[in-house]
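Text of upload-v3.txt, listed as compact mmCIF, N, CA and C atoms:
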# COMPACT_ATOMS: atom_id res chain seq x y z
N MET A 736 28.02 -86.25 -28.46
CA MET A 736 26.58 -86.21 -28.33
C MET A 736 26.02 -87.49 -28.94
N ALA A 737 25.09 -88.12 -28.23
CA ALA A 737 24.48 -89.36 -28.70
C ALA A 737 23.47 -89.05 -29.80
N ALA A 738 23.38 -89.99 -30.74
CA ALA A 738 22.41 -89.83 -31.83
C ALA A 738 21.01 -90.09 -31.31
N ALA A 739 20.05 -89.33 -31.80
CA ALA A 739 18.65 -89.53 -31.40
C ALA A 739 18.12 -90.81 -32.02
N ASN A 740 17.27 -91.50 -31.28
CA ASN A 740 16.65 -92.70 -31.82
C ASN A 740 15.63 -92.31 -32.87
N ILE A 741 15.67 -92.99 -34.00
CA ILE A 741 14.71 -92.75 -35.08
C ILE A 741 13.79 -93.95 -35.15
N PRO A 742 12.49 -93.76 -34.88
CA PRO A 742 11.59 -94.90 -34.90
C PRO A 742 11.44 -95.50 -36.28
N PHE A 743 11.40 -96.83 -36.33
CA PHE A 743 11.13 -97.55 -37.57
C PHE A 743 9.65 -97.41 -37.88
N THR A 744 9.31 -97.09 -39.10
CA THR A 744 7.91 -96.85 -39.45
C THR A 744 7.17 -98.09 -39.92
N GLY A 745 7.84 -99.22 -40.04
CA GLY A 745 7.16 -100.44 -40.44
C GLY A 745 7.00 -100.58 -41.94
N GLY A 746 7.63 -99.71 -42.72
CA GLY A 746 7.55 -99.82 -44.16
C GLY A 746 6.22 -99.38 -44.74
N GLY A 747 5.40 -98.69 -43.97
CA GLY A 747 4.15 -98.16 -44.50
C GLY A 747 2.90 -98.85 -43.98
N SER A 748 3.01 -100.02 -43.41
CA SER A 748 1.85 -100.72 -42.88
C SER A 748 1.51 -100.16 -41.50
N THR A 749 0.24 -99.92 -41.25
CA THR A 749 -0.17 -99.41 -39.94
C THR A 749 -1.44 -100.09 -39.46
N LEU A 750 -1.60 -100.08 -38.15
CA LEU A 750 -2.83 -100.48 -37.50
C LEU A 750 -3.32 -99.24 -36.77
N THR A 751 -4.47 -98.71 -37.17
CA THR A 751 -5.00 -97.51 -36.55
C THR A 751 -6.25 -97.87 -35.76
N LEU A 752 -6.27 -97.48 -34.50
CA LEU A 752 -7.39 -97.74 -33.61
C LEU A 752 -8.05 -96.40 -33.32
N GLY A 753 -9.24 -96.19 -33.88
CA GLY A 753 -9.90 -94.90 -33.80
C GLY A 753 -10.39 -94.53 -32.42
N THR A 754 -10.93 -95.48 -31.66
CA THR A 754 -11.49 -95.17 -30.35
C THR A 754 -10.41 -94.78 -29.36
N THR A 755 -9.31 -95.52 -29.35
CA THR A 755 -8.20 -95.21 -28.44
C THR A 755 -7.22 -94.21 -29.05
N ALA A 756 -7.43 -93.83 -30.31
CA ALA A 756 -6.61 -92.82 -31.00
C ALA A 756 -5.13 -93.19 -31.02
N ILE A 757 -4.84 -94.44 -31.42
CA ILE A 757 -3.46 -94.93 -31.47
C ILE A 757 -3.19 -95.51 -32.86
N THR A 758 -2.00 -95.25 -33.37
CA THR A 758 -1.54 -95.89 -34.61
C THR A 758 -0.27 -96.65 -34.30
N VAL A 759 -0.26 -97.93 -34.66
CA VAL A 759 0.90 -98.78 -34.46
C VAL A 759 1.59 -98.95 -35.81
N ALA A 760 2.90 -98.67 -35.86
CA ALA A 760 3.68 -98.94 -37.07
C ALA A 760 3.87 -100.45 -37.16
N ALA A 761 3.20 -101.08 -38.11
CA ALA A 761 3.18 -102.55 -38.19
C ALA A 761 4.42 -103.07 -38.90
N THR A 762 5.04 -104.06 -38.29
CA THR A 762 6.15 -104.77 -38.93
C THR A 762 5.66 -106.08 -39.53
N SER A 763 4.50 -106.55 -39.06
CA SER A 763 3.91 -107.79 -39.58
C SER A 763 2.41 -107.75 -39.33
N ILE A 764 1.65 -108.03 -40.36
CA ILE A 764 0.20 -108.16 -40.23
C ILE A 764 -0.15 -109.58 -40.62
N GLY A 765 -0.58 -110.35 -39.66
CA GLY A 765 -0.89 -111.75 -39.90
C GLY A 765 -2.11 -111.92 -40.77
N GLY A 766 -2.15 -113.03 -41.44
CA GLY A 766 -3.30 -113.34 -42.27
C GLY A 766 -4.47 -113.79 -41.41
N SER A 767 -5.61 -113.85 -42.01
CA SER A 767 -6.78 -114.37 -41.32
C SER A 767 -7.65 -115.06 -42.36
N SER A 768 -8.56 -115.82 -41.87
CA SER A 768 -9.46 -116.48 -42.81
C SER A 768 -10.90 -116.13 -42.46
N ASN A 769 -11.71 -116.13 -43.46
CA ASN A 769 -13.15 -115.93 -43.30
C ASN A 769 -13.81 -117.22 -43.73
N THR A 770 -14.54 -117.82 -42.83
CA THR A 770 -15.12 -119.12 -43.13
C THR A 770 -16.63 -119.09 -42.94
N ILE A 771 -17.29 -119.87 -43.74
CA ILE A 771 -18.73 -120.06 -43.59
C ILE A 771 -18.94 -121.55 -43.34
N PRO A 772 -19.76 -121.89 -42.36
CA PRO A 772 -19.93 -123.31 -42.05
C PRO A 772 -20.76 -124.03 -43.10
N ARG A 773 -20.58 -125.32 -43.16
CA ARG A 773 -21.46 -126.12 -43.99
C ARG A 773 -22.51 -126.71 -43.08
N VAL A 774 -23.72 -126.77 -43.57
CA VAL A 774 -24.85 -127.27 -42.80
C VAL A 774 -25.39 -128.51 -43.49
N ALA A 775 -25.58 -129.57 -42.72
CA ALA A 775 -26.10 -130.81 -43.30
C ALA A 775 -27.54 -130.60 -43.75
N LYS A 776 -27.82 -131.06 -44.96
CA LYS A 776 -29.16 -130.97 -45.54
C LYS A 776 -29.77 -132.37 -45.70
N THR A 777 -29.05 -133.33 -45.27
CA THR A 777 -29.44 -134.73 -45.46
C THR A 777 -30.68 -135.09 -44.65
N ASP A 778 -31.54 -135.88 -45.27
CA ASP A 778 -32.64 -136.48 -44.51
C ASP A 778 -32.59 -137.99 -44.71
N LEU A 779 -33.53 -138.68 -44.20
CA LEU A 779 -33.48 -140.15 -44.21
C LEU A 779 -33.66 -140.75 -45.60
N THR A 780 -34.07 -139.96 -46.59
CA THR A 780 -34.23 -140.48 -47.94
C THR A 780 -32.93 -140.40 -48.75
N ASP A 781 -31.94 -139.68 -48.25
CA ASP A 781 -30.67 -139.52 -48.97
C ASP A 781 -29.73 -140.68 -48.71
N GLY A 782 -29.03 -141.08 -49.76
CA GLY A 782 -28.04 -142.13 -49.62
C GLY A 782 -26.64 -141.58 -49.35
N VAL A 783 -26.44 -140.29 -49.61
CA VAL A 783 -25.16 -139.63 -49.42
C VAL A 783 -25.39 -138.31 -48.70
N GLU A 784 -24.50 -138.00 -47.80
CA GLU A 784 -24.60 -136.74 -47.04
C GLU A 784 -24.64 -135.55 -47.99
N ALA A 785 -25.56 -134.62 -47.77
CA ALA A 785 -25.69 -133.42 -48.60
C ALA A 785 -25.55 -132.19 -47.71
N TYR A 786 -24.94 -131.13 -48.26
CA TYR A 786 -24.69 -129.92 -47.48
C TYR A 786 -25.16 -128.67 -48.22
N ILE A 787 -25.46 -127.63 -47.44
CA ILE A 787 -25.73 -126.30 -47.97
C ILE A 787 -24.88 -125.32 -47.18
N PRO A 788 -24.64 -124.10 -47.73
CA PRO A 788 -23.84 -123.14 -46.97
C PRO A 788 -24.62 -122.62 -45.77
N GLY A 789 -23.89 -122.41 -44.67
CA GLY A 789 -24.50 -121.84 -43.47
C GLY A 789 -24.77 -120.35 -43.66
N ASP A 790 -25.39 -119.76 -42.67
CA ASP A 790 -25.81 -118.36 -42.76
C ASP A 790 -24.77 -117.36 -42.27
N VAL A 791 -23.90 -117.76 -41.36
CA VAL A 791 -23.04 -116.80 -40.67
C VAL A 791 -21.57 -117.07 -40.94
N MET A 792 -20.88 -116.06 -41.49
CA MET A 792 -19.45 -116.18 -41.74
C MET A 792 -18.68 -115.84 -40.47
N ASP A 793 -17.57 -116.53 -40.24
CA ASP A 793 -16.72 -116.30 -39.07
C ASP A 793 -15.41 -115.67 -39.51
N HIS A 794 -14.99 -114.60 -38.84
CA HIS A 794 -13.70 -113.95 -39.09
C HIS A 794 -12.72 -114.41 -38.02
N ASP A 795 -11.57 -114.92 -38.42
CA ASP A 795 -10.52 -115.24 -37.47
C ASP A 795 -9.93 -113.97 -36.89
N GLU A 796 -9.24 -114.12 -35.76
CA GLU A 796 -8.50 -113.00 -35.20
C GLU A 796 -7.35 -112.62 -36.12
N VAL A 797 -6.96 -111.37 -36.08
CA VAL A 797 -5.81 -110.87 -36.83
C VAL A 797 -4.73 -110.51 -35.82
N THR A 798 -3.50 -110.89 -36.11
CA THR A 798 -2.36 -110.55 -35.25
C THR A 798 -1.51 -109.52 -35.95
N VAL A 799 -1.27 -108.41 -35.27
CA VAL A 799 -0.42 -107.35 -35.80
C VAL A 799 0.76 -107.18 -34.86
N GLU A 800 1.96 -107.27 -35.41
CA GLU A 800 3.16 -106.99 -34.64
C GLU A 800 3.69 -105.65 -35.10
N GLY A 801 4.16 -104.84 -34.16
CA GLY A 801 4.65 -103.53 -34.56
C GLY A 801 5.43 -102.85 -33.46
N LEU A 802 5.52 -101.54 -33.60
CA LEU A 802 6.29 -100.72 -32.69
C LEU A 802 5.41 -99.62 -32.14
N ALA A 803 5.56 -99.35 -30.84
CA ALA A 803 4.73 -98.33 -30.21
C ALA A 803 5.43 -97.76 -28.99
N LYS A 804 4.99 -96.59 -28.57
CA LYS A 804 5.45 -95.99 -27.32
C LYS A 804 4.74 -96.71 -26.17
N MET A 805 5.38 -96.77 -25.01
CA MET A 805 4.76 -97.43 -23.86
C MET A 805 3.47 -96.75 -23.45
N SER A 806 3.35 -95.45 -23.64
CA SER A 806 2.09 -94.78 -23.30
C SER A 806 0.95 -95.31 -24.18
N ASP A 807 1.26 -95.62 -25.44
CA ASP A 807 0.25 -96.21 -26.33
C ASP A 807 -0.08 -97.64 -25.91
N VAL A 808 0.94 -98.40 -25.49
CA VAL A 808 0.70 -99.76 -25.03
C VAL A 808 -0.22 -99.74 -23.81
N ARG A 809 0.00 -98.81 -22.88
CA ARG A 809 -0.86 -98.71 -21.70
C ARG A 809 -2.30 -98.39 -22.10
N ALA A 810 -2.48 -97.53 -23.09
CA ALA A 810 -3.83 -97.20 -23.56
C ALA A 810 -4.49 -98.41 -24.21
N LEU A 811 -3.72 -99.21 -24.95
CA LEU A 811 -4.26 -100.42 -25.56
C LEU A 811 -4.69 -101.42 -24.49
N ARG A 812 -3.86 -101.56 -23.46
CA ARG A 812 -4.22 -102.47 -22.36
C ARG A 812 -5.48 -101.99 -21.65
N ALA A 813 -5.61 -100.69 -21.46
CA ALA A 813 -6.80 -100.14 -20.77
C ALA A 813 -8.06 -100.43 -21.57
N ALA A 814 -7.94 -100.53 -22.90
CA ALA A 814 -9.12 -100.78 -23.75
C ALA A 814 -9.72 -102.16 -23.51
N ILE A 815 -8.94 -103.08 -22.93
CA ILE A 815 -9.46 -104.43 -22.66
C ILE A 815 -9.40 -104.78 -21.18
N ASP A 816 -8.97 -103.85 -20.33
CA ASP A 816 -8.68 -104.13 -18.93
C ASP A 816 -9.90 -104.52 -18.10
N ASP A 817 -11.05 -103.96 -18.39
CA ASP A 817 -12.21 -104.23 -17.53
C ASP A 817 -12.97 -105.51 -17.93
N GLY A 818 -12.40 -106.28 -18.84
CA GLY A 818 -13.04 -107.52 -19.26
C GLY A 818 -14.14 -107.32 -20.29
N SER A 819 -14.38 -106.09 -20.68
CA SER A 819 -15.38 -105.77 -21.69
C SER A 819 -14.71 -104.90 -22.75
N PRO A 820 -14.16 -105.52 -23.78
CA PRO A 820 -13.37 -104.75 -24.76
C PRO A 820 -14.16 -103.59 -25.38
N MET A 821 -13.45 -102.48 -25.57
CA MET A 821 -14.02 -101.33 -26.26
C MET A 821 -14.26 -101.67 -27.71
N ILE A 822 -15.35 -101.21 -28.27
CA ILE A 822 -15.57 -101.35 -29.70
C ILE A 822 -14.71 -100.29 -30.38
N GLU A 823 -13.93 -100.70 -31.35
CA GLU A 823 -12.97 -99.84 -32.02
C GLU A 823 -13.31 -99.67 -33.49
N THR A 824 -12.96 -98.52 -34.03
CA THR A 824 -12.88 -98.36 -35.48
C THR A 824 -11.44 -98.70 -35.82
N ILE A 825 -11.23 -99.87 -36.39
CA ILE A 825 -9.88 -100.34 -36.68
C ILE A 825 -9.65 -100.28 -38.19
N THR A 826 -8.51 -99.74 -38.57
CA THR A 826 -8.11 -99.70 -39.97
C THR A 826 -6.72 -100.29 -40.10
N VAL A 827 -6.57 -101.27 -40.97
CA VAL A 827 -5.27 -101.83 -41.31
C VAL A 827 -4.92 -101.27 -42.68
N THR A 828 -3.80 -100.55 -42.75
CA THR A 828 -3.35 -99.96 -44.01
C THR A 828 -2.12 -100.71 -44.49
N ASP A 829 -2.17 -101.19 -45.72
CA ASP A 829 -1.06 -101.92 -46.31
C ASP A 829 -0.04 -100.92 -46.86
N PRO A 830 1.20 -101.36 -47.07
CA PRO A 830 2.17 -100.46 -47.68
C PRO A 830 1.81 -100.16 -49.13
N VAL A 831 2.21 -99.00 -49.60
CA VAL A 831 2.00 -98.65 -51.00
C VAL A 831 3.05 -99.40 -51.83
N LEU A 832 2.59 -100.18 -52.77
CA LEU A 832 3.49 -100.97 -53.61
C LEU A 832 3.88 -100.18 -54.86
N THR A 833 4.91 -100.63 -55.53
CA THR A 833 5.35 -99.99 -56.76
C THR A 833 4.19 -99.92 -57.74
N GLY A 834 3.97 -98.75 -58.32
CA GLY A 834 2.89 -98.56 -59.28
C GLY A 834 1.58 -98.10 -58.65
N GLU A 835 1.51 -98.07 -57.32
CA GLU A 835 0.31 -97.61 -56.63
C GLU A 835 0.52 -96.19 -56.12
N SER A 836 -0.55 -95.42 -56.06
CA SER A 836 -0.47 -94.08 -55.47
C SER A 836 -1.14 -94.04 -54.10
N THR A 837 -2.08 -94.96 -53.85
CA THR A 837 -2.70 -95.07 -52.53
C THR A 837 -2.67 -96.52 -52.08
N ALA A 838 -2.61 -96.72 -50.79
CA ALA A 838 -2.52 -98.07 -50.23
C ALA A 838 -3.90 -98.71 -50.12
N SER A 839 -3.92 -100.03 -50.10
CA SER A 839 -5.16 -100.73 -49.80
C SER A 839 -5.39 -100.67 -48.29
N LYS A 840 -6.67 -100.73 -47.90
CA LYS A 840 -7.04 -100.64 -46.49
C LYS A 840 -8.17 -101.60 -46.21
N GLU A 841 -8.20 -102.10 -44.99
CA GLU A 841 -9.34 -102.86 -44.51
C GLU A 841 -9.78 -102.21 -43.22
N ALA A 842 -11.06 -101.96 -43.06
CA ALA A 842 -11.55 -101.22 -41.90
C ALA A 842 -12.86 -101.79 -41.38
N SER A 843 -13.10 -101.58 -40.09
CA SER A 843 -14.35 -101.98 -39.46
C SER A 843 -14.66 -101.02 -38.33
N THR A 844 -15.92 -100.70 -38.15
CA THR A 844 -16.34 -99.86 -37.03
C THR A 844 -16.84 -100.69 -35.85
N THR A 845 -16.76 -102.02 -35.98
CA THR A 845 -17.26 -102.91 -34.92
C THR A 845 -16.19 -103.87 -34.43
N ALA A 846 -14.93 -103.53 -34.63
CA ALA A 846 -13.83 -104.41 -34.24
C ALA A 846 -13.51 -104.23 -32.75
N PHE A 847 -12.76 -105.17 -32.21
CA PHE A 847 -12.33 -105.03 -30.82
C PHE A 847 -11.02 -105.80 -30.60
N ILE A 848 -10.21 -105.26 -29.68
CA ILE A 848 -8.92 -105.86 -29.33
C ILE A 848 -9.18 -107.04 -28.40
N THR A 849 -8.46 -108.15 -28.63
CA THR A 849 -8.60 -109.31 -27.77
C THR A 849 -7.34 -109.61 -26.97
N ASN A 850 -6.18 -109.04 -27.37
CA ASN A 850 -4.93 -109.31 -26.67
C ASN A 850 -3.93 -108.21 -26.98
N VAL A 851 -3.14 -107.84 -25.96
CA VAL A 851 -2.04 -106.90 -26.13
C VAL A 851 -0.84 -107.49 -25.41
N ALA A 852 0.27 -107.68 -26.13
CA ALA A 852 1.50 -108.19 -25.54
C ALA A 852 2.64 -107.24 -25.88
N VAL A 853 3.47 -106.95 -24.88
CA VAL A 853 4.57 -105.99 -25.06
C VAL A 853 5.90 -106.71 -24.96
N GLY A 854 6.86 -106.25 -25.76
CA GLY A 854 8.20 -106.82 -25.74
C GLY A 854 9.06 -106.17 -24.67
N SER A 855 10.36 -106.38 -24.77
CA SER A 855 11.31 -105.82 -23.81
C SER A 855 11.27 -104.30 -23.84
N ARG A 856 11.48 -103.72 -22.69
CA ARG A 856 11.54 -102.26 -22.58
C ARG A 856 12.99 -101.84 -22.47
N VAL A 857 13.41 -100.99 -23.38
CA VAL A 857 14.79 -100.51 -23.41
C VAL A 857 14.75 -98.99 -23.24
N ASN A 858 15.64 -98.46 -22.43
CA ASN A 858 15.65 -97.02 -22.19
C ASN A 858 15.69 -96.23 -23.48
N ASN A 859 14.85 -95.21 -23.55
CA ASN A 859 14.82 -94.25 -24.65
C ASN A 859 14.50 -94.87 -26.01
N GLU A 860 13.79 -95.99 -26.02
CA GLU A 860 13.42 -96.62 -27.29
C GLU A 860 11.95 -97.02 -27.26
N ILE A 861 11.37 -97.06 -28.44
CA ILE A 861 10.01 -97.59 -28.53
C ILE A 861 10.08 -99.10 -28.32
N THR A 862 8.96 -99.70 -28.06
CA THR A 862 8.93 -101.13 -27.77
C THR A 862 8.16 -101.90 -28.83
N THR A 863 8.39 -103.18 -28.88
CA THR A 863 7.59 -104.02 -29.77
C THR A 863 6.27 -104.33 -29.08
N VAL A 864 5.23 -104.45 -29.88
CA VAL A 864 3.91 -104.77 -29.34
C VAL A 864 3.22 -105.72 -30.31
N THR A 865 2.46 -106.63 -29.75
CA THR A 865 1.62 -107.52 -30.54
C THR A 865 0.18 -107.27 -30.13
N VAL A 866 -0.66 -106.99 -31.11
CA VAL A 866 -2.08 -106.73 -30.86
C VAL A 866 -2.89 -107.74 -31.65
N ASN A 867 -3.78 -108.43 -30.97
CA ASN A 867 -4.74 -109.31 -31.64
C ASN A 867 -6.08 -108.62 -31.60
N PHE A 868 -6.79 -108.69 -32.73
CA PHE A 868 -8.13 -108.11 -32.76
C PHE A 868 -9.03 -108.94 -33.64
N THR A 869 -10.32 -108.71 -33.48
CA THR A 869 -11.35 -109.37 -34.28
C THR A 869 -12.15 -108.30 -34.99
N TRP A 870 -12.49 -108.57 -36.24
CA TRP A 870 -13.22 -107.59 -37.04
C TRP A 870 -14.63 -107.31 -36.54
N GLY A 871 -15.16 -108.08 -35.64
CA GLY A 871 -16.51 -107.82 -35.13
C GLY A 871 -17.55 -108.27 -36.14
N GLU A 872 -18.35 -107.36 -36.62
CA GLU A 872 -19.44 -107.70 -37.54
C GLU A 872 -19.00 -107.64 -39.00
N GLY A 873 -17.73 -107.60 -39.25
CA GLY A 873 -17.26 -107.60 -40.62
C GLY A 873 -16.35 -106.43 -40.92
N SER A 874 -15.85 -106.39 -42.13
CA SER A 874 -14.93 -105.33 -42.51
C SER A 874 -15.16 -104.96 -43.97
N THR A 875 -14.62 -103.81 -44.34
CA THR A 875 -14.72 -103.32 -45.70
C THR A 875 -13.31 -103.15 -46.25
N LEU A 876 -13.06 -103.67 -47.44
CA LEU A 876 -11.75 -103.59 -48.07
C LEU A 876 -11.79 -102.51 -49.12
N THR A 877 -10.78 -101.62 -49.09
CA THR A 877 -10.60 -100.60 -50.11
C THR A 877 -9.34 -100.97 -50.89
N ASN A 878 -9.44 -101.21 -52.16
CA ASN A 878 -8.29 -101.61 -52.96
C ASN A 878 -7.34 -100.44 -53.20
N ALA A 879 -6.08 -100.77 -53.36
CA ALA A 879 -5.08 -99.76 -53.70
C ALA A 879 -5.33 -99.28 -55.14
N THR A 880 -4.88 -98.06 -55.39
CA THR A 880 -5.00 -97.54 -56.75
C THR A 880 -3.65 -97.05 -57.23
What does this structure look like when you write it as structure tokens?
Amino acid sequence: MAAANIPFTGGGSTLTLGTTAITVAATSIGGSSNTIPRVAKTDLTDGVEAYIPGDVMDHDEVTVEGLAKMSDVRALRAAIDDGSPMIETITVTDPVLTGESTASKEASTTAFITNVAVGSRVNNEITTVTVNFTWGEGSTLTNAT
């Protein structure tokens, strides 16, 4: 008798998409940066360029690599298929580290998926998936305890 496939859980990191009701076991959660532009404040009386902080912060896309069932991958693709991405409640949960009882989380109710890429399909196994998303209007970080 063949052994049943046991899905890898990603070590505790997950990407949860509330609108499409999918959780991806993350094997890698890419970093992102939050930037605020600098705005020139210089006028003709200044001898040196002067700057002030801009008003709007920009969130880079986040790339999550993980494992999912093909039915979940199809649902993720459908969320962006019509060219108008669904607004998602996205939560990224970090693994619980030694000394912590709860994991840190980052979440947004205005996020949206921008890309879904699937790896090789192997009979009777889950597949690798890469999901890119943007936080939308921002995110909230909950620290681990």
Using all atoms listed in the file, which residue out of A:Thr754, A:Thr798, A:Ser874, A:Thr849 lies closest to A:Ser767?
A:Thr798
Counting all atoms listed in the file, what is within 6.5 Å of stretch 768-776 of chain A, bar same-chain residues fewer than 3 positions away, as JSON, numbers by chain?
{"A": [784, 785, 786, 787, 788, 789, 790, 791, 792, 793, 794, 795, 796]}
Contacts of A:Val808 at 8 Å or less, counting all atoms listed in the file, minus same-chain residues fewer than 4 places along, as number ranges by chain?
A: 803-804, 812-814, 851-853, 864
Which of stretch 746-842 of chain A DSSP labels strand (DSSP E), written as a ChimeraX atom specification:
/A:749-752,757-764,769-770,773-775,786-788,793-794,797-803,823-828,840-842
Tell me which of A:Asp807, A:Asp817, A:Glu835, A:Glu823 sits closest to A:Thr758, counting only N, CA and C atoms.
A:Asp807
So what do you get for atom CA of A:Ala760 versus atom CA of A:Arg856, distance-wise?
16.8 Å
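The coordinates place atom CA of A:Lys840 at 6.7 Å from atom CA of A:Asn878.
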Separation of atom CA of A:Trp870 from atom CA of A:Ala838 in Å
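Spanning atom CA of A:Ala838 to atom CA of A:Trp870 is a straight-line distance of 19.5 Å.
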What lies within 5 Å of A:Ile825 using only N, CA and C atoms, ignoring chain neighbours under 6 positions off, as a ChimeraX atom specification?
/A:751-753,842-843
Let me make sure I understand: among A:Thr828, A:Asn858, A:Ser763, A:Asn850, which one has the smallest atom-to-atom distance to A:Leu750 if we use only C-alpha atoms?
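Closest residue, counting only C-alpha atoms: A:Thr828.
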Compare A:Ile861, A:Leu832, A:Ile848, A:Val799 by their minimum atom-to-atom distance to A:Pro820, counting all atoms listed in the file, and give me the closest one.
A:Ile848
Proximity to A:Thr837 - best of A:Thr762, A:Thr865, A:Ser855, A:Thr880, all atoms listed in the file:
A:Thr880
Test item, alpha helix (DSSP H) assignment across chain A, answer as a PyMOL selection string
chain A and resi 805-813
Output file for the selection above: N, CA and C atoms, as a PDB file, keeping the file's coordinate frame:
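Contents of the output file again.pdb:
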ATOM      1  N   MET A 805       5.380 -96.770 -25.010  1.00  0.00           N
ATOM      2  CA  MET A 805       4.760 -97.430 -23.860  1.00  0.00           C
ATOM      3  C   MET A 805       3.470 -96.750 -23.450  1.00  0.00           C
ATOM      4  N   SER A 806       3.350 -95.450 -23.640  1.00  0.00           N
ATOM      5  CA  SER A 806       2.090 -94.780 -23.300  1.00  0.00           C
ATOM      6  C   SER A 806       0.950 -95.310 -24.180  1.00  0.00           C
ATOM      7  N   ASP A 807       1.260 -95.620 -25.440  1.00  0.00           N
ATOM      8  CA  ASP A 807       0.250 -96.210 -26.330  1.00  0.00           C
ATOM      9  C   ASP A 807      -0.080 -97.640 -25.910  1.00  0.00           C
ATOM     10  N   VAL A 808       0.940 -98.400 -25.490  1.00  0.00           N
ATOM     11  CA  VAL A 808       0.700 -99.760 -25.030  1.00  0.00           C
ATOM     12  C   VAL A 808      -0.220 -99.740 -23.810  1.00  0.00           C
ATOM     13  N   ARG A 809       0.000 -98.810 -22.880  1.00  0.00           N
ATOM     14  CA  ARG A 809      -0.860 -98.710 -21.700  1.00  0.00           C
ATOM     15  C   ARG A 809      -2.300 -98.390 -22.100  1.00  0.00           C
ATOM     16  N   ALA A 810      -2.480 -97.530 -23.090  1.00  0.00           N
ATOM     17  CA  ALA A 810      -3.830 -97.200 -23.560  1.00  0.00           C
ATOM     18  C   ALA A 810      -4.490 -98.410 -24.210  1.00  0.00           C
ATOM     19  N   LEU A 811      -3.720 -99.210 -24.950  1.00  0.00           N
ATOM     20  CA  LEU A 811      -4.260-100.420 -25.560  1.00  0.00           C
ATOM     21  C   LEU A 811      -4.690-101.420 -24.490  1.00  0.00           C
ATOM     22  N   ARG A 812      -3.860-101.560 -23.460  1.00  0.00           N
ATOM     23  CA  ARG A 812      -4.220-102.470 -22.360  1.00  0.00           C
ATOM     24  C   ARG A 812      -5.480-101.990 -21.650  1.00  0.00           C
ATOM     25  N   ALA A 813      -5.610-100.690 -21.460  1.00  0.00           N
ATOM     26  CA  ALA A 813      -6.800-100.140 -20.770  1.00  0.00           C
ATOM     27  C   ALA A 813      -8.060-100.430 -21.570  1.00  0.00           C
TER      28      ALA A 813
END
